[in-house]
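Quick look at structure_26.tsv (TSV, C-alpha atoms):
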```tsv
chain	number	residue	atom	x	y	z
A	161	MET	CA	0.00	0.00	0.00
A	162	GLY	CA	2.86	2.35	0.84
A	163	ALA	CA	4.57	1.64	-2.48
A	164	PHE	CA	1.30	2.24	-4.31
A	165	CYS	CA	0.80	5.60	-2.59
A	166	SER	CA	4.37	6.62	-3.38
A	167	ILE	CA	3.65	6.22	-7.08
A	168	ILE	CA	0.47	8.28	-7.06
A	169	LYS	CA	1.65	11.74	-6.18
A	170	PHE	CA	-0.09	15.06	-6.44
A	171	GLU	CA	1.95	15.92	-9.54
A	172	ASN	CA	0.78	12.72	-11.23
A	173	LEU	CA	-2.86	13.47	-10.44
A	174	GLN	CA	-2.41	16.97	-11.85
A	175	GLU	CA	-1.31	15.39	-15.13
A	176	LEU	CA	-4.78	13.85	-15.51
A	177	LYS	CA	-6.00	17.21	-16.75
A	178	ARG	CA	-4.23	16.42	-20.03
A	179	LEU	CA	-7.13	14.07	-20.77
A	180	CYS	CA	-9.49	17.07	-20.87
A	181	HIS	CA	-8.64	18.00	-24.44
A	182	TRP	CA	-10.13	17.24	-27.83
A	183	GLY	CA	-7.01	15.30	-28.91
A	184	PRO	CA	-7.14	12.54	-26.26
A	185	PHE	CA	-10.94	12.42	-26.55
A	186	ILE	CA	-10.70	11.59	-30.26
A	187	ALA	CA	-7.68	9.28	-29.96
A	188	LEU	CA	-9.11	7.26	-27.07
A	189	GLY	CA	-12.52	7.22	-28.75
A	190	VAL	CA	-11.08	5.68	-31.92
A	191	ILE	CA	-9.17	3.09	-29.86
A	192	ALA	CA	-12.28	2.23	-27.85
A	193	ILE	CA	-14.56	1.91	-30.88
A	194	CYS	CA	-12.17	-0.20	-32.97
A	195	SER	CA	-11.11	-2.54	-30.15
A	196	THR	CA	-14.63	-2.99	-28.75
A	197	MET	CA	-16.24	-3.64	-32.12
A	198	ALA	CA	-13.45	-6.05	-33.11
A	199	MET	CA	-14.00	-8.10	-29.94
A	200	ILE	CA	-17.79	-8.08	-30.32
A	201	ASP	CA	-17.69	-9.02	-34.01
A	202	SER	CA	-15.13	-11.74	-33.38
A	203	VAL	CA	-16.93	-13.40	-30.44
A	204	LEU	CA	-20.51	-13.12	-31.69
A	205	TRP	CA	-20.36	-13.46	-35.45
A	206	TYR	CA	-16.95	-14.46	-36.82
A	207	TRP	CA	-14.68	-16.51	-34.54
A	208	PRO	CA	-16.39	-17.74	-31.33
A	209	LEU	CA	-14.38	-18.30	-28.15
A	210	HIS	CA	-15.10	-22.06	-27.93
A	211	THR	CA	-12.68	-22.61	-30.84
A	212	THR	CA	-8.91	-22.55	-30.43
A	213	GLY	CA	-8.46	-19.98	-33.18
A	214	GLY	CA	-11.17	-17.79	-31.68
A	215	SER	CA	-9.51	-17.82	-28.26
A	216	VAL	CA	-6.09	-16.95	-29.73
A	217	ASN	CA	-7.64	-14.21	-31.84
A	218	PHE	CA	-9.41	-12.71	-28.82
A	219	ILE	CA	-6.21	-12.73	-26.75
A	220	MET	CA	-4.37	-10.99	-29.58
A	221	LEU	CA	-7.04	-8.28	-29.74
A	222	ILE	CA	-6.71	-7.68	-26.00
A	223	ASN	CA	-2.92	-7.66	-26.35
A	224	TRP	CA	-3.03	-4.98	-29.07
A	225	THR	CA	-5.35	-2.81	-26.98
A	226	VAL	CA	-3.22	-3.08	-23.81
A	227	MET	CA	0.07	-2.33	-25.61
A	228	ILE	CA	-1.43	0.61	-27.52
A	229	LEU	CA	-2.91	2.17	-24.39
A	230	TYR	CA	0.26	1.50	-22.37
A	231	ASN	CA	2.49	3.39	-24.81
A	232	TYR	CA	-0.13	6.08	-25.37
A	233	PHE	CA	-0.44	6.90	-21.66
A	234	ASN	CA	3.33	6.63	-21.23
A	235	ALA	CA	3.83	9.23	-23.95
A	236	MET	CA	1.17	11.46	-22.39
A	237	PHE	CA	1.96	11.24	-18.67
A	238	ILE	CA	5.73	10.64	-18.60
A	239	GLY	CA	6.14	13.64	-20.85
A	240	PRO	CA	9.19	14.80	-22.79
A	241	GLY	CA	11.19	16.16	-19.85
A	242	PHE	CA	11.84	19.85	-19.31
A	243	VAL	CA	14.88	22.05	-18.87
A	244	PRO	CA	15.12	22.86	-15.14
A	245	LEU	CA	13.93	26.36	-14.30
A	246	GLY	CA	16.89	28.68	-13.96
A	247	TRP	CA	19.26	26.22	-15.68
A	248	LYS	CA	22.60	27.45	-17.01
A	249	PRO	CA	25.62	25.59	-18.37
A	250	GLU	CA	28.35	24.49	-15.97
A	251	ASN	CA	30.91	26.47	-17.95
A	252	SER	CA	29.70	30.07	-17.92
A	253	GLN	CA	31.51	30.75	-21.20
A	254	ASP	CA	29.21	28.26	-22.98
A	255	SER	CA	26.25	30.57	-22.37
A	256	MET	CA	27.38	32.70	-25.32
A	257	TYR	CA	26.34	29.84	-27.62
A	258	LEU	CA	22.89	29.38	-26.07
A	259	GLN	CA	19.62	31.26	-26.30
A	260	TYR	CA	18.03	32.57	-23.13
A	261	CYS	CA	14.36	31.88	-22.37
A	262	LYS	CA	12.72	34.78	-20.51
A	263	VAL	CA	9.69	32.64	-19.60
A	264	CYS	CA	11.67	29.84	-17.95
A	265	GLN	CA	14.41	32.20	-16.73
A	266	ALA	CA	16.95	29.71	-18.03
A	267	TYR	CA	19.25	29.04	-20.95
A	268	LYS	CA	17.95	26.68	-23.58
A	269	ALA	CA	19.99	23.49	-23.44
A	270	PRO	CA	21.20	22.02	-26.74
A	271	ARG	CA	18.31	20.50	-28.75
A	272	SER	CA	15.70	22.07	-26.43
A	273	HIS	CA	12.99	24.50	-27.49
A	274	HIS	CA	10.29	26.45	-25.70
A	275	CYS	CA	6.74	25.16	-26.16
A	276	ARG	CA	3.95	27.71	-25.83
A	277	LYS	CA	1.38	25.04	-24.98
A	278	CYS	CA	3.44	23.46	-22.19
A	279	ASN	CA	4.92	26.86	-21.27
A	280	ARG	CA	8.29	25.21	-20.63
A	281	CYS	CA	11.52	24.57	-22.49
A	282	VAL	CA	11.31	20.95	-23.68
A	283	LEU	CA	14.32	18.62	-23.83
A	284	LYS	CA	15.06	17.44	-27.37
A	285	MET	CA	11.69	18.75	-28.52
A	286	ASP	CA	10.27	17.08	-31.62
A	287	HIS	CA	6.80	18.66	-31.68
A	288	HIS	CA	3.75	19.33	-29.55
A	289	CYS	CA	1.25	16.57	-30.29
A	290	PRO	CA	-2.44	17.43	-29.77
A	291	TRP	CA	-3.38	13.72	-29.73
A	292	ILE	CA	-1.50	13.18	-26.46
A	293	ASN	CA	-1.91	16.82	-25.39
A	294	ASN	CA	1.79	16.93	-24.60
A	295	CYS	CA	5.13	17.42	-26.28
A	296	CYS	CA	7.09	14.61	-27.86
A	297	GLY	CA	10.68	14.86	-26.72
A	298	PHE	CA	13.59	13.31	-24.86
A	299	GLN	CA	11.83	11.05	-22.34
A	300	ASN	CA	8.72	9.96	-24.27
A	301	HIS	CA	10.01	9.79	-27.85
A	302	ALA	CA	10.31	5.98	-27.74
A	303	SER	CA	6.83	5.46	-26.23
A	304	PHE	CA	5.29	7.85	-28.74
A	305	THR	CA	6.94	6.09	-31.69
A	306	LEU	CA	5.89	2.65	-30.40
A	307	PHE	CA	2.34	3.94	-30.15
A	308	LEU	CA	2.56	5.06	-33.79
A	309	LEU	CA	3.71	1.53	-34.71
A	310	LEU	CA	1.25	-0.49	-32.64
A	311	ALA	CA	-1.86	1.55	-33.49
A	312	PRO	CA	-1.76	0.75	-37.25
A	313	LEU	CA	-0.90	-2.91	-36.58
A	314	GLY	CA	-3.83	-3.26	-34.21
A	315	CYS	CA	-6.11	-1.49	-36.67
A	316	VAL	CA	-5.04	-3.84	-39.47
A	317	HIS	CA	-6.03	-6.81	-37.29
A	318	ALA	CA	-9.33	-5.13	-36.39
A	319	ALA	CA	-10.02	-4.28	-40.05
A	320	PHE	CA	-9.50	-7.94	-40.98
A	321	ILE	CA	-12.07	-8.95	-38.34
A	322	PHE	CA	-14.56	-6.35	-39.64
A	323	VAL	CA	-14.20	-7.43	-43.27
A	324	MET	CA	-14.47	-11.15	-42.47
A	325	THR	CA	-17.47	-10.58	-40.19
A	326	MET	CA	-19.40	-8.72	-42.89
A	327	TYR	CA	-18.37	-11.27	-45.51
A	328	THR	CA	-19.42	-14.33	-43.49
A	329	GLN	CA	-22.65	-12.74	-42.31
A	330	LEU	CA	-23.71	-11.36	-45.68
A	331	TYR	CA	-22.58	-14.25	-47.88
A	332	ASN	CA	-25.89	-16.15	-47.71
A	333	ARG	CA	-28.02	-13.03	-47.45
A	334	LEU	CA	-27.21	-11.51	-50.82
A	335	SER	CA	-29.49	-12.18	-53.76
A	336	PHE	CA	-28.89	-10.70	-57.19
A	337	GLY	CA	-31.72	-9.76	-59.51
A	338	TRP	CA	-31.62	-8.51	-63.09
A	339	ASN	CA	-30.95	-4.91	-62.01
A	340	THR	CA	-31.05	-5.17	-58.21
A	341	VAL	CA	-29.11	-6.52	-55.27
A	342	LYS	CA	-31.08	-7.50	-52.16
A	343	ILE	CA	-29.83	-8.21	-48.65
A	344	ASP	CA	-32.03	-10.35	-46.43
A	345	MET	CA	-30.86	-9.56	-42.86
A	346	SER	CA	-33.12	-12.28	-41.43
A	347	VAL	CA	-31.02	-15.13	-42.85
A	348	ALA	CA	-28.48	-16.45	-40.35
A	349	ARG	CA	-25.03	-17.54	-41.47
A	350	ARG	CA	-23.94	-19.66	-38.53
A	351	ASP	CA	-25.50	-22.87	-37.32
A	352	PRO	CA	-26.52	-22.70	-34.55
A	353	PRO	CA	-27.40	-19.02	-34.98
A	354	PRO	CA	-25.60	-16.48	-32.74
A	355	ILE	CA	-27.15	-15.26	-29.50
A	356	ILE	CA	-27.50	-11.76	-30.97
A	357	PRO	CA	-28.37	-11.70	-34.68
A	358	PHE	CA	-26.23	-9.68	-37.06
A	359	GLY	CA	-28.78	-7.01	-37.92
A	360	LEU	CA	-28.69	-3.69	-39.70
A	361	ALA	CA	-27.39	-1.82	-36.64
A	362	ALA	CA	-24.51	-4.26	-36.24
A	363	PHE	CA	-23.70	-3.97	-39.94
A	364	ALA	CA	-23.64	-0.14	-39.74
A	365	ALA	CA	-21.48	-0.16	-36.59
A	366	THR	CA	-19.03	-2.63	-38.14
A	367	LEU	CA	-18.80	-0.60	-41.33
A	368	PHE	CA	-18.18	2.59	-39.33
A	369	ALA	CA	-15.47	0.90	-37.26
A	370	LEU	CA	-13.87	-0.40	-40.47
A	371	GLY	CA	-13.65	3.14	-41.80
A	372	LEU	CA	-12.01	4.33	-38.59
A	373	ALA	CA	-9.55	1.43	-38.62
A	374	LEU	CA	-8.49	1.99	-42.23
A	375	GLY	CA	-8.20	5.76	-41.77
A	376	THR	CA	-6.11	5.30	-38.63
A	377	THR	CA	-3.87	2.76	-40.35
A	378	ILE	CA	-3.07	5.17	-43.18
A	379	ALA	CA	-2.74	8.39	-41.15
A	380	VAL	CA	-0.85	7.02	-38.13
A	381	GLY	CA	1.22	4.70	-40.32
A	382	MET	CA	2.48	7.68	-42.30
A	383	LEU	CA	3.40	9.47	-39.06
A	384	PHE	CA	5.32	6.38	-37.94
A	385	PHE	CA	7.43	6.30	-41.10
A	386	ILE	CA	8.14	10.04	-40.76
A	387	GLN	CA	9.26	9.54	-37.16
A	388	MET	CA	11.46	6.54	-37.99
A	389	LYS	CA	13.07	8.47	-40.83
A	390	ILE	CA	14.25	11.24	-38.49
A	391	ILE	CA	15.10	8.85	-35.62
A	392	LEU	CA	17.46	6.86	-37.86
A	393	ARG	CA	19.22	10.17	-38.57
A	394	ASN	CA	19.15	11.13	-34.88
A	395	LYS	CA	17.13	14.23	-35.63
A	396	THR	CA	13.87	15.76	-34.52
A	397	SER	CA	11.24	17.41	-36.70
A	398	ILE	CA	12.42	20.84	-35.54
A	399	GLU	CA	16.07	19.99	-36.22
A	400	SER	CA	15.21	18.81	-39.74
A	401	TRP	CA	13.64	22.19	-40.36
A	402	ILE	CA	16.69	23.99	-38.87
A	403	GLU	CA	18.96	21.99	-41.17
A	404	GLU	CA	16.89	22.97	-44.20
A	405	LYS	CA	17.05	26.62	-43.19
A	406	ALA	CA	20.83	26.33	-42.69
A	407	LYS	CA	21.30	25.04	-46.23
A	408	ASP	CA	18.98	27.75	-47.54
A	409	ARG	CA	20.94	30.44	-45.66
A	410	ILE	CA	24.25	29.19	-47.07
A	411	GLN	CA	22.82	29.12	-50.60
A	412	TYR	CA	21.19	32.56	-50.23
A	413	TYR	CA	24.44	34.26	-49.22
A	414	GLN	CA	26.53	32.01	-51.51
A	415	LEU	CA	28.82	30.96	-48.69
A	416	ASP	CA	31.51	28.30	-48.91
A	417	ASP	CA	30.33	26.68	-45.67
A	418	VAL	CA	28.85	23.19	-45.55
A	419	PHE	CA	26.42	22.52	-42.71
A	420	VAL	CA	27.03	19.15	-41.04
A	421	PHE	CA	24.38	17.91	-38.64
A	422	PRO	CA	26.32	17.37	-35.39
A	423	TYR	CA	24.24	14.64	-33.72
A	424	ASP	CA	24.37	12.00	-36.47
A	425	MET	CA	26.40	9.17	-34.93
A	426	GLY	CA	27.43	7.79	-38.33
A	427	SER	CA	25.25	4.67	-38.38
A	428	ARG	CA	21.52	4.07	-38.22
A	429	TRP	CA	21.90	1.54	-35.41
A	430	LYS	CA	23.76	4.01	-33.19
A	431	ASN	CA	21.17	6.67	-33.98
A	432	PHE	CA	18.40	4.18	-33.21
A	433	LYS	CA	19.91	3.43	-29.78
A	434	GLN	CA	19.82	7.13	-28.91
A	435	VAL	CA	16.01	6.78	-28.65
A	436	PHE	CA	15.29	3.08	-28.02
A	437	THR	CA	16.98	1.19	-25.17
A	438	TRP	CA	16.28	-2.17	-23.53
A	439	SER	CA	15.53	-0.46	-20.23
A	440	GLY	CA	13.08	1.95	-21.84
A	441	VAL	CA	15.00	4.88	-20.35
A	442	PRO	CA	16.79	7.06	-22.94
A	443	GLU	CA	20.53	7.55	-22.67
A	444	GLY	CA	21.89	10.66	-21.00
A	445	ASP	CA	20.16	13.46	-19.13
A	446	GLY	CA	18.77	15.37	-22.11
A	447	LEU	CA	20.99	18.39	-21.38
A	448	ALA	CA	24.28	17.24	-22.93
A	449	TRP	CA	24.60	15.27	-26.16
A	450	PRO	CA	27.43	13.47	-27.96
A	451	VAL	CA	28.40	15.08	-31.26
A	452	ARG	CA	30.48	14.14	-34.28
A	453	GLU	CA	34.24	14.56	-33.97
A	454	ASP	CA	34.32	17.17	-36.73
A	455	CYS	CA	31.62	19.33	-35.12
A	456	HIS	CA	31.56	21.93	-32.37
A	457	PRO	CA	29.52	20.88	-29.30
A	458	TYR	CA	27.18	23.79	-29.97
A	459	THR	CA	27.05	23.62	-33.77
A	460	LEU	CA	23.26	23.50	-33.89
A	461	THR	CA	22.68	26.25	-31.33
A	462	ILE	CA	25.19	28.50	-33.10
A	463	GLU	CA	23.28	27.90	-36.33
A	464	GLN	CA	20.04	28.84	-34.57
A	465	LEU	CA	21.58	32.13	-33.44
A	466	LYS	CA	22.68	32.83	-37.02
A	467	GLN	CA	19.20	32.06	-38.32
A	468	LYS	CA	17.63	34.29	-35.68
A	469	ALA	CA	19.81	37.20	-36.82
A	470	ASP	CA	19.18	36.34	-40.46
A	471	LYS	CA	15.43	36.23	-39.79
A	472	ARG	CA	15.35	39.97	-39.15
A	473	VAL	CA	17.38	40.71	-42.29
A	474	ARG	CA	15.48	38.54	-44.73
A	475	SER	CA	11.97	38.99	-43.33
A	476	VAL	CA	9.46	40.75	-45.56
A	477	ARG	CA	7.21	43.44	-44.13
A	478	TYR	CA	3.57	43.41	-45.23
A	479	ARG	CA	0.70	45.77	-44.64
A	480	VAL	CA	-2.65	44.15	-43.83
A	481	ILE	CA	-5.25	45.08	-46.46
A	482	GLU	CA	-8.14	42.97	-45.16
A	483	ASP	CA	-9.43	42.15	-41.68
A	484	TYR	CA	-8.80	38.63	-40.34
A	485	SER	CA	-10.72	37.22	-37.39
A	486	GLY	CA	-7.96	34.84	-36.27
A	487	ALA	CA	-10.07	31.75	-37.05
A	488	CYS	CA	-8.17	28.48	-37.34
A	489	CYS	CA	-9.82	27.52	-40.64
A	490	PRO	CA	-11.42	30.67	-42.11
A	491	LEU	CA	-14.28	29.93	-44.49
A	492	ASN	CA	-14.48	33.48	-45.82
A	493	LYS	CA	-10.94	33.39	-47.25
A	494	GLY	CA	-11.66	30.83	-49.92
A	495	ILE	CA	-11.88	27.07	-50.22
A	496	LYS	CA	-8.17	26.60	-50.96
A	497	THR	CA	-7.13	28.59	-47.90
A	498	PHE	CA	-9.57	26.62	-45.76
A	499	PHE	CA	-8.33	23.19	-46.89
A	500	THR	CA	-4.64	24.16	-46.76
A	501	SER	CA	-4.74	25.35	-43.13
A	502	PRO	CA	-1.53	24.28	-41.35
A	503	CYS	CA	-1.94	21.28	-39.05
A	504	THR	CA	-0.63	23.11	-36.01
A	505	GLU	CA	-1.96	24.56	-32.79
A	506	GLU	CA	0.11	27.73	-33.19
A	507	PRO	CA	-2.10	30.77	-32.60
A	508	ARG	CA	-3.69	32.67	-35.44
A	509	ILE	CA	-3.90	36.29	-34.40
A	510	ARG	CA	-6.67	38.76	-35.19
A	511	LEU	CA	-5.56	41.34	-37.73
A	512	GLN	CA	-7.06	44.64	-38.76
A	513	ARG	CA	-6.62	46.57	-41.93
A	514	GLY	CA	-3.62	48.90	-41.79
A	515	GLU	CA	-1.55	46.84	-39.34
A	516	PHE	CA	1.89	45.52	-40.27
A	517	ILE	CA	3.33	42.02	-40.14
A	518	LEU	CA	6.82	40.64	-40.60
A	519	ALA	CA	6.71	37.40	-42.61
A	520	THR	CA	9.60	35.03	-41.90
A	521	ARG	CA	8.53	32.02	-43.93
A	522	GLY	CA	5.45	30.90	-45.77
A	523	LEU	CA	3.39	28.26	-47.49
A	524	ARG	CA	1.40	28.78	-50.66
A	525	TYR	CA	-1.65	30.24	-48.92
A	526	TRP	CA	-0.36	30.91	-45.38
A	527	LEU	CA	2.46	32.99	-43.88
A	528	TYR	CA	4.37	32.46	-40.66
A	529	GLY	CA	5.57	35.63	-39.07
A	530	ASP	CA	5.36	38.33	-36.45
A	531	LYS	CA	2.87	41.08	-35.85
A	532	ILE	CA	4.57	44.44	-35.44
A	533	LEU	CA	3.19	46.01	-32.30
A	534	ASP	CA	4.99	48.85	-30.56
A	535	ASP	CA	8.41	47.59	-31.69
A	536	SER	CA	7.68	44.17	-30.20
A	537	PHE	CA	6.82	40.98	-32.04
A	538	VAL	CA	4.23	38.29	-31.45
A	539	GLU	CA	4.90	35.11	-33.45
A	540	VAL	CA	1.77	33.97	-35.26
A	541	VAL	CA	0.42	32.07	-38.25
A	542	LEU	CA	-1.13	34.45	-40.73
A	543	VAL	CA	-3.51	33.95	-43.64
```
Full structure transcribed into structure tokens:
Amino acid sequence: MGAFCSIIKFENLQELKRLCHWGPFIALGVIAICSTMAMIDSVLWYWPLHTTGGSVNFIMLINWTVMILYNYFNAMFIGPGFVPLGWKPENSQDSMYLQYCKVCQAYKAPRSHHCRKCNRCVLKMDHHCPWINNCCGFQNHASFTLFLLLAPLGCVHAAFIFVMTMYTQLYNRLSFGWNTVKIDMSVARRDPPPIIPFGLAAFAATLFALGLALGTTIAVGMLFFIQMKIILRNKTSIESWIEEKAKDRIQYYQLDDVFVFPYDMGSRWKNFKQVFTWSGVPEGDGLAWPVREDCHPYTLTIEQLKQKADKRVRSVRYRVIEDYSGACCPLNKGIKTFFTSPCTEEPRIRLQRGEFILATRGLRYWLYGDKILDDSFVEVVLV
């Protein structure tokens, strides 16, 4: 009892508020619908438990659900790890290579970035994920990636159950006419018939769950491949973007420099072990990182400082000619603008005609930049 109470601390209970967000509601809802319908379809109409195959299949479905939820909640509640408030490097001279965070009153450690949603500097920040309502970073990167792997695999299994259930239940109920196809839902497929007949409601629920399973397999599967691509290079999503900007800066000024990413260990296996370990605990403390022999320990942070200075030089100033309400997906700006809204929780700020913005980068229909307000800047996403 004492050990149990030592695990459940006030800080852990405070983390439960992360569940009160649309991201976890949707993610857990999809998991619940797909896993529940797969078990119901399997037991009642496709592969009953009194058979050996049915029992194994049911255990596998439970196994998928447990492993998916385990890694999901690990990613959410363990969190990415944060730079300690007031942190500064042991060698005071190293502070010249680091950015200072006014919110956290601390220097940003290498590979760390400040997250507006978490309101903290995150260790080895990859991105803020709305589906877990937390950042993906140093401590939870492995759990998050395993969740991205297991969710599509479990959905593939569930989709197989859904397809086979509809096939076996509808096989003897279909009748083809000259120009018509009829489905007689009163005809039972199994002998003896199931306790609960496979009716129209069950068919609609199974079809809906199949759509969720296939959509999740495609969407989450793509995210998994993106994550594995950067993990095998020992990068994060933010660092990939910094590297692209570094190459663009060198090309823009026609410099002779060649940017070398400092954290690539030289082999995919070594890069893989930087995230995944047998113990489940990542290597290091998240504040100091091994770098290539031909790189400075602060190569990436120095590049960030250069890009920050270059941002002011190369930014383009625009005058607002039309009011913007700050809506996430504005319908009154056109269909293309609506459907090309960035998939990010970064704030869209209300703009009025005559105000000025400083665009730092942009997509085809959207600009990222700063609103000029009394010589201060507020970073926003602009339409």
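Separating CA of Gly440 in chain A from CA of Phe298 in chain A is a distance of 11.8 Å.
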Find the residues with any atom within 12 Å of (6.7, 9.2, -38.6); use only C-alpha atoms and the coordinates as given in the file, and write the answer as an mmCIF file with C-alpha atoms, keeping the file's coordinate frame.
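The resulting file, part.cif, is reproduced below:
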```cif
data_model
loop_
_atom_site.group_PDB
_atom_site.id
_atom_site.type_symbol
_atom_site.label_atom_id
_atom_site.label_comp_id
_atom_site.auth_asym_id
_atom_site.auth_seq_id
_atom_site.Cartn_x
_atom_site.Cartn_y
_atom_site.Cartn_z
ATOM 1 C CA ASP A 286 10.270 17.080 -31.620
ATOM 2 C CA HIS A 287 6.800 18.660 -31.680
ATOM 3 C CA HIS A 301 10.010 9.790 -27.850
ATOM 4 C CA ALA A 302 10.310 5.980 -27.740
ATOM 5 C CA PHE A 304 5.290 7.850 -28.740
ATOM 6 C CA THR A 305 6.940 6.090 -31.690
ATOM 7 C CA LEU A 306 5.890 2.650 -30.400
ATOM 8 C CA PHE A 307 2.340 3.940 -30.150
ATOM 9 C CA LEU A 308 2.560 5.060 -33.790
ATOM 10 C CA LEU A 309 3.710 1.530 -34.710
ATOM 11 C CA ILE A 378 -3.070 5.170 -43.180
ATOM 12 C CA ALA A 379 -2.740 8.390 -41.150
ATOM 13 C CA VAL A 380 -0.850 7.020 -38.130
ATOM 14 C CA GLY A 381 1.220 4.700 -40.320
ATOM 15 C CA MET A 382 2.480 7.680 -42.300
ATOM 16 C CA LEU A 383 3.400 9.470 -39.060
ATOM 17 C CA PHE A 384 5.320 6.380 -37.940
ATOM 18 C CA PHE A 385 7.430 6.300 -41.100
ATOM 19 C CA ILE A 386 8.140 10.040 -40.760
ATOM 20 C CA GLN A 387 9.260 9.540 -37.160
ATOM 21 C CA MET A 388 11.460 6.540 -37.990
ATOM 22 C CA LYS A 389 13.070 8.470 -40.830
ATOM 23 C CA ILE A 390 14.250 11.240 -38.490
ATOM 24 C CA ILE A 391 15.100 8.850 -35.620
ATOM 25 C CA LEU A 392 17.460 6.860 -37.860
ATOM 26 C CA LYS A 395 17.130 14.230 -35.630
ATOM 27 C CA THR A 396 13.870 15.760 -34.520
ATOM 28 C CA SER A 397 11.240 17.410 -36.700
#
```
Practice task
Grab the CA of Gln512 in chain A to CA of Tyr528 in chain A distance for me, in Å with one decimal place.
Solution key: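 Between CA of Gln512 in chain A and CA of Tyr528 in chain A the gap is 16.8 Å.
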Exercise for the section: Would you mind telling me which residue in A:Trp449, A:Thr520, A:Ser195, A:Leu511 lies nearest to Thr225 in chain A when using all atoms listed in the file? Expected result: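 Looking at the shortest contact to Thr225 in chain A, the residue is A:Ser195.
Among the candidates A:Ile321, A:Lys405, A:Val451, A:Arg271, the one nearest to Val203 in chain A when counting only C-alpha atoms is A:Ile321.
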Problem - Contact residues around range 233-236 of chain A with all atoms listed in the file at 10 Å, ignoring same-chain residues under 4 positions, as a VMD selection string - result: chain A and resid 175 to 176 178 to 179 184 228 to 229 240 289 291 to 297 299 to 307
Exercise for the section: Quick one: residues within 12 Å of (-15.6, -8.9, -30.1) (file frame), counting all atoms listed in the file, please, as a ChimeraX atom specification. Expected result: /A:192-209,214-215,217-222,318,321-322,325,362,366
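Between CA of Ala469 in chain A and CA of Asp254 in chain A the separation is 19.0 Å.
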Exercise for the section: Within 7 Å of range 478-480 of chain A, counting all atoms listed in the file, which residues show up once you throw out same-chain ones fewer than 6 positions away? Write them as a PyMOL selection string, please. Expected result: chain A and resi 512-518
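If you count all atoms listed in the file and ignore residues fewer than 2 places along the chain from Pro249 in chain A, what sits within 10 Å of it is A:Trp247, A:Asn251, A:Ser252, A:Gln253, A:Asp254, A:Ser255, A:Leu258, A:Ala266, A:Tyr267, A:Lys268, A:Ala269, A:Leu447, A:Ala448.
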Problem - Closest of A:Gly241, A:Gly529, A:Pro457, A:Gly359 to Asp445 in chain A - atom-to-atom distances counting all atoms listed in the file - result: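 The answer is A:Gly241, which sits nearest to Asp445 in chain A.
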Exercise for the section: Tell me, as a VMD selection string, which residues lie within 12 Å of Lys471 in chain A, counting only C-alpha atoms; anything in the same chain fewer than 3 positions away does not count. Expected result: chain A and resid 405 to 406 409 463 to 468 474 to 477 518 to 521 528 to 530
Handout entry: Top pick for closest residue to Asp470 in chain A, considering A:Ile410, A:Ile398, A:Leu533, A:Met326 and counting only C-alpha atoms
Key =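 Closest residue, counting only C-alpha atoms: A:Ile410.
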Practice task
Identify, on the basis of only C-alpha atoms, every residue whose closest approach to Arg428 in chain A does not exceed 9 Å; exclude the query and any residue fewer than 2 positions from it along the same chain; express the result as a VMD selection string.
Solution key: chain A and resid 391 to 394 424 to 426 430 to 433
Handout entry: Pick from A:Phe320, A:Tyr327, A:Phe368, A:Phe242 nearest to Met285 in chain A, counting only C-alpha atoms
Key =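 That would be A:Phe242, the residue with the smallest distance to Met285 in chain A.
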Exercise for the section: Can you work out which one of A:Thr212, A:Glu403, A:Glu506, A:Gln414 has the shortest atom-to-atom distance to His288 in chain A, counting all atoms listed in the file? Expected result: A:Glu506
